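J.: Below is the structure I would like to discuss, written out as structure tokens.
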Amino acid sequence: MTRDDTLNDLTRHLETGRLTRREFVMRALALGVSVSAVGTVLSACGGDEGGGGGGGGEQVTLAFVSWGGTFQEAQTKAWLDPYSKEFTNVKFVQDEPTDYAKIKAMVESGNVTWDVVDIGNDFGLGASSVKLCEKLDPAVIPFDELQPDKLLTSGYRVPVHVYSTVVGYVPEKTGGVAPTGFADFFDLSKFPGKRGAYNWVMGGLLEMALIADGVTLENLYPLDTDRAYKKIDTVKDQIVWWDTGAQSVQLLTDGEVTMGMSWNNRIVTAKEEGAAEDIMWDQHIMMADYVMIPKGSKQVAEAMKFIGWITSADHAADLSKYVASGPGNELAIPKTDPKYAADIPTAHLDGAIPQDDVYWGENYDKLDPDWQNWVQA
Amino acid sequence: MSTVNAESVTGGAHVVRPARPKVFNGWAVTIVPGLAFLIAFLLVPLGGMVVRSFTDPGPGNYRIFVENALYVRVLWTTLRTSAIVTVATLLLGYPYAYLMMRSGFKMTAVLGGLVLVPFWTSILVRTYAWTVLLQDSGVINTTLERLGLIDSALTLMRNDLGVTIGMTHILLPYMVFPIYAVMLRIDSDLVPAAESLGARPSRAFVRVFWPLSLPGVFAGSLLVFILSIGFYITPALLGSPSNTMYSVLVADMVNRQLRFGVGSAMGVVLLVVTLVLVWVGTRVVRLGDVLGVEIGQ
């Protein structure tokens, strides 16, 4: 980075109010910029104490990062493009895929190039990841409307895409009978055949096993993992493990399994492509993707404004025009696109079992090696 | 090693060798960019990783290896898988390279192309292609069932077999080409000479050709073994959880748990284990042969 680039950054920080005039002068002088040059910048900013960023003519570039593929394309069509149309001074550059280690490395090195990042529910709650996030501003983002009883925001992340880990089944293999709960996933006499399951401790199988074993929603957490493993052991030799979402639907589509875990949007896409599998909605593990701003982003104010826009009641449901995704904003649920209205978790809240991200944030480090030892045995 | 002069290397035999070039001539400057690149992008980050493994937050990072049997067990699985794949690629690759060496120009080009073309397809696509062939409802099983040769599906993947097939397919070129390159350099008169002195073809091969081709075998094996150790997606897609590779655990530690210090410690352990294995290997064969260059004793 040249001195001029650094000076430009400083200038931007001054304009967006992240630096006071005094801090700006000190840093600019430290760069070796002459006093008269600093004076020129300051007068160009017109003595404005930080109200500059936004709707005016000033160009802003936000770096948006998500998981790539059709999902990120959908986000682009639903949110990025319309936003740029409404706020013509905002342009987006995109990167993929989301990488938590990269966020950490950026924040630690002080060279943050991402501004808005789509994250899974496994990030942005525990102390180690919260310190990598900018605190989100309740004045700009409608926290109260974001289903706080089901989706945990922590003040550092907000939900933008509600989905579920569901049990998909192949009617041809179940004799046309639909399973009606997680108990059927573990019932080999009622539904013989293999089961597809996510090989990840936080994938939802532990919760499914406990619910199937009769644990109530209120008593689900903290997880009784011994009991869960015992329950899964009853079907373990019939489980085909998968690691990627593509595999999860392929197993169903190819008829490798009778029943399998997957995500609702994956199965909906497969059905659109002609696959003969269905979603059991009687019970499902509901979770969400969130967005966050990496700490030290150079566009915090603009990123905040964008996040406020996409989580607003007006725009949160726009993503459902392109993928089977529920909105994070409660008030937007009625605005969900009719095409996918029946295929999203927010339409089946009776059977929704929200994953407790706080519990996972605190226990993941311990539970993950246990899972590995169990699953590899 | 530069202190060893030509005479001691050749044991004083009456071989005329060119004198070693002076330490510095103009061309030596060309090494600078490469060297700078290695220092900046290999040695410095590597050093950073070693430091981090002891300081972020402390040497206690290494405790995971004694606290949980998982990490040593998966390291063992990884080394075992890599060894199996190395042997499998060698068994397929050696005869293939031999055939390439013995074929005419056109045939060699075709054979070389057949190994190389899959190289230009993404690993993920090739791995999924194997799934289509190998799974229970896959092409192989349905065909055999229709022919009445089997009653229930053979388990061709989600086990060691699937992993070995998939990885061998991907790594075969790394075995074939080093062996082929060495075979080309073998004097084509040597085997006929041995035969003219009364050796049967098999004996001439075992006593003359095979030993001369060994540098290629070792180079290919080393390459395949080391590349195997870092494999991730193929074992995940074609194997079962018991085929979990070490890199999966490292990625989980770094990407999900964000414990860079522990992840670094895991990297250091893998590096040290690999270096020890390579060192043991070079006790068996001279490193110079493996790398195809002359180094002192």
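For the structure tokens, the naming scheme is as follows: chains receive sequential letters (A, B, ...) according to their order of presentation, residues are indexed from 1 within each chain, and ligands are indexed from 1 in presentation order.
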Please extract the residues of region 61-161 of chain A with a backbone DSSP assignment of alpha helix (DSSP H) and present them as a VMD selection string.
T.: chain A and resid 69 to 75 81 to 86 100 to 109 127 to 130
J.: Using only C-alpha atoms and a cut-off of 10 Å, which residues of chain B sit close to chain A? Please list them as a PyMOL selection string.
T.: chain B and resi 68-71+73-74+128+131-132+135-138+158+233+236-244+249+251-260
J.: Write out as a ChimeraX atom specification the set of residues from region 111-324 of chain A that DSSP, computed on the backbone, places in strand (DSSP E).
T.: /A:116-119,158-169,195-198,239-242,259-263,278-292
J.: Considering only C-alpha atoms, return as a PyMOL selection string whatever protein or nucleic-acid residues lie within 9 Å of region 269-277 of chain B, sequence-local ones (same chain, fewer than 2 positions apart) excluded.
T.: chain B and resi 62+75+79+226+229+246+264-267+279-282
J.: Hey, can you spit out that residue selection with N, CA and C atoms as a tab-separated table (two decimals), in the first residue's frame?
T.:
```
chain	number	residue	atom	x	y	z
B	62	TYR	N	0.31	-28.43	22.09
B	62	TYR	CA	0.69	-29.79	21.70
B	62	TYR	C	0.03	-30.85	22.58
B	75	LEU	N	-3.77	-39.29	12.30
B	75	LEU	CA	-2.46	-39.15	11.65
B	75	LEU	C	-2.01	-40.51	11.09
B	79	LEU	N	-1.28	-41.59	7.17
B	79	LEU	CA	-0.02	-42.16	6.68
B	79	LEU	C	-0.27	-43.52	6.03
B	226	ILE	N	3.73	-37.67	-0.46
B	226	ILE	CA	3.59	-36.36	0.18
B	226	ILE	C	2.32	-35.66	-0.25
B	229	ILE	N	-0.71	-37.14	1.65
B	229	ILE	CA	-0.88	-36.75	3.05
B	229	ILE	C	-1.81	-35.54	3.17
B	246	TYR	N	-6.08	-36.31	8.17
B	246	TYR	CA	-5.54	-35.34	9.12
B	246	TYR	C	-5.90	-33.91	8.73
B	264	SER	N	-1.59	-24.78	14.17
B	264	SER	CA	-0.16	-24.70	13.82
B	264	SER	C	0.59	-25.89	14.41
B	265	ALA	N	0.26	-26.21	15.67
B	265	ALA	CA	0.94	-27.35	16.30
B	265	ALA	C	0.67	-28.62	15.52
B	266	MET	N	-0.56	-28.77	15.04
B	266	MET	CA	-0.89	-29.95	14.25
B	266	MET	C	-0.08	-29.97	12.95
B	267	GLY	N	0.07	-28.79	12.35
B	267	GLY	CA	0.86	-28.69	11.13
B	267	GLY	C	2.32	-29.05	11.38
B	279	TRP	N	13.45	-38.80	5.73
B	279	TRP	CA	14.83	-39.03	6.15
B	279	TRP	C	15.12	-40.53	6.21
B	280	VAL	N	14.18	-41.27	6.80
B	280	VAL	CA	14.34	-42.72	6.86
B	280	VAL	C	14.43	-43.27	5.43
B	281	GLY	N	13.58	-42.73	4.57
B	281	GLY	CA	13.60	-43.17	3.18
B	281	GLY	C	14.95	-42.92	2.53
B	282	THR	N	15.56	-41.78	2.84
B	282	THR	CA	16.83	-41.46	2.21
B	282	THR	C	17.98	-42.26	2.79
```
J.: Quick one: residues within 12 Å of Ala83 (chain B), only C-alpha atoms, excluding same-chain residues fewer than 4 positions away - as a ChimeraX atom specification?
T.: /B:76-79,87-90,164,167-168,221-229,277
J.: With only C-alpha atoms as the basis for distance, which of A:Gly351, A:Gly196, A:Gly214, A:Pro97 is at the shortest distance from Ala183 (chain A)?
T.: A:Gly214
J.: Would you mind listing what lies within 8 Å of Ile239 (chain A) as a PyMOL selection string, with only C-alpha atoms counted and same-chain residues fewer than 2 positions away left out?
T.: chain A and resi 194-197+235-237+241
J.: Using the selection just defined, write its residues with C-alpha atoms as a short mmCIF file (atom, residue, chain, number, x, y, z; two decimals), in the first residue's frame.
T.:
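New file out-v5.cif:
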```
data_model
loop_
_atom_site.label_atom_id
_atom_site.label_comp_id
_atom_site.auth_asym_id
_atom_site.auth_seq_id
_atom_site.Cartn_x
_atom_site.Cartn_y
_atom_site.Cartn_z
CA LYS A 194 -30.29 -46.73 4.56
CA ARG A 195 -30.16 -43.28 6.09
CA GLY A 196 -28.16 -40.31 4.91
CA ALA A 197 -26.65 -38.22 7.71
CA VAL A 235 -29.12 -47.33 13.17
CA LYS A 236 -25.42 -46.50 12.77
CA ASP A 237 -24.63 -49.42 10.46
CA TRP A 241 -22.41 -40.25 5.95
#
```
J.: For Val191 (chain B), list every protein, DNA or RNA residue within 12 Å, evaluated using only C-alpha atoms, and leave out those in the same chain fewer than 5 positions away; present the list as an mmCIF file with N, CA and C atoms, in the first residue's frame.
T.:
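Wrote selection-v5.cif, looks like this:
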```cif
data_model
loop_
_atom_site.group_PDB
_atom_site.id
_atom_site.type_symbol
_atom_site.label_atom_id
_atom_site.label_comp_id
_atom_site.auth_asym_id
_atom_site.auth_seq_id
_atom_site.Cartn_x
_atom_site.Cartn_y
_atom_site.Cartn_z
ATOM 1 N N ILE B 186 17.858 -44.220 -19.466
ATOM 2 C CA ILE B 186 18.628 -45.467 -19.356
ATOM 3 C C ILE B 186 19.145 -45.863 -20.737
ATOM 4 N N SER B 196 22.915 -60.540 -24.321
ATOM 5 C CA SER B 196 23.933 -61.133 -25.190
ATOM 6 C C SER B 196 24.978 -61.859 -24.361
ATOM 7 N N LEU B 197 25.052 -61.481 -23.065
ATOM 8 C CA LEU B 197 25.994 -62.179 -22.187
ATOM 9 C C LEU B 197 25.330 -63.377 -21.513
ATOM 10 N N GLY B 198 24.087 -63.684 -21.941
ATOM 11 C CA GLY B 198 23.469 -64.915 -21.464
ATOM 12 C C GLY B 198 22.351 -64.751 -20.469
ATOM 13 N N ALA B 199 21.997 -63.515 -20.105
ATOM 14 C CA ALA B 199 20.915 -63.329 -19.141
ATOM 15 C C ALA B 199 19.572 -63.517 -19.834
ATOM 16 N N ARG B 200 18.673 -64.266 -19.147
ATOM 17 C CA ARG B 200 17.320 -64.336 -19.686
ATOM 18 C C ARG B 200 16.698 -62.950 -19.560
ATOM 19 N N PRO B 201 15.660 -62.626 -20.429
ATOM 20 C CA PRO B 201 15.068 -61.286 -20.391
ATOM 21 C C PRO B 201 14.627 -60.876 -18.983
ATOM 22 N N SER B 202 14.016 -61.811 -18.234
ATOM 23 C CA SER B 202 13.544 -61.441 -16.901
ATOM 24 C C SER B 202 14.717 -61.068 -16.007
ATOM 25 N N ARG B 203 15.813 -61.827 -16.149
ATOM 26 C CA ARG B 203 16.975 -61.556 -15.314
ATOM 27 C C ARG B 203 17.630 -60.229 -15.708
ATOM 28 N N ALA B 204 17.693 -59.996 -17.014
ATOM 29 C CA ALA B 204 18.262 -58.726 -17.477
ATOM 30 C C ALA B 204 17.455 -57.560 -16.942
ATOM 31 N N PHE B 205 16.111 -57.748 -16.891
ATOM 32 C CA PHE B 205 15.261 -56.673 -16.386
ATOM 33 C C PHE B 205 15.524 -56.440 -14.897
ATOM 34 N N VAL B 206 15.513 -57.540 -14.129
ATOM 35 C CA VAL B 206 15.633 -57.410 -12.679
ATOM 36 C C VAL B 206 17.006 -56.881 -12.279
ATOM 37 N N ARG B 207 18.064 -57.345 -12.960
ATOM 38 C CA ARG B 207 19.408 -56.986 -12.538
ATOM 39 C C ARG B 207 19.919 -55.689 -13.166
ATOM 40 N N VAL B 208 19.396 -55.347 -14.345
ATOM 41 C CA VAL B 208 19.934 -54.176 -15.038
ATOM 42 C C VAL B 208 18.933 -53.017 -15.104
ATOM 43 N N PHE B 209 17.763 -53.310 -15.689
ATOM 44 C CA PHE B 209 16.833 -52.209 -15.947
ATOM 45 C C PHE B 209 16.204 -51.665 -14.664
ATOM 46 N N TRP B 210 15.681 -52.560 -13.847
ATOM 47 C CA TRP B 210 14.987 -52.159 -12.605
ATOM 48 C C TRP B 210 15.870 -51.295 -11.710
ATOM 49 N N PRO B 211 17.110 -51.736 -11.403
ATOM 50 C CA PRO B 211 17.940 -50.877 -10.536
ATOM 51 C C PRO B 211 18.183 -49.489 -11.142
ATOM 52 N N LEU B 212 18.337 -49.440 -12.465
ATOM 53 C CA LEU B 212 18.596 -48.145 -13.090
ATOM 54 C C LEU B 212 17.359 -47.247 -13.074
#
```
J.: Nearest to Thr180 (chain A) among A:Ala324, A:Leu220, A:Leu367, A:Ile279, with distances taken over only C-alpha atoms: which residue is it?
T.: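 Closest residue, counting only C-alpha atoms: A:Ile279.
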J.: Quick check, in Å to one decimal: how far apart do CA of Ala352 (chain A) and CA of Val268 (chain A) lie?
T.: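 That distance, rounded to one decimal, is 17.9 Å.
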J.: Give me, please, the distance in Å between CA of Gly120 (chain A) and CA of Val162 (chain A), quoted to one decimal.
T.: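 About the pair CA of Gly120 (chain A) and CA of Val162 (chain A): they are 10.5 Å apart.
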J.: Do you have the CA of Ser297 (chain A)-CA of Trp114 (chain A) distance handy?
T.: 6.6 Å
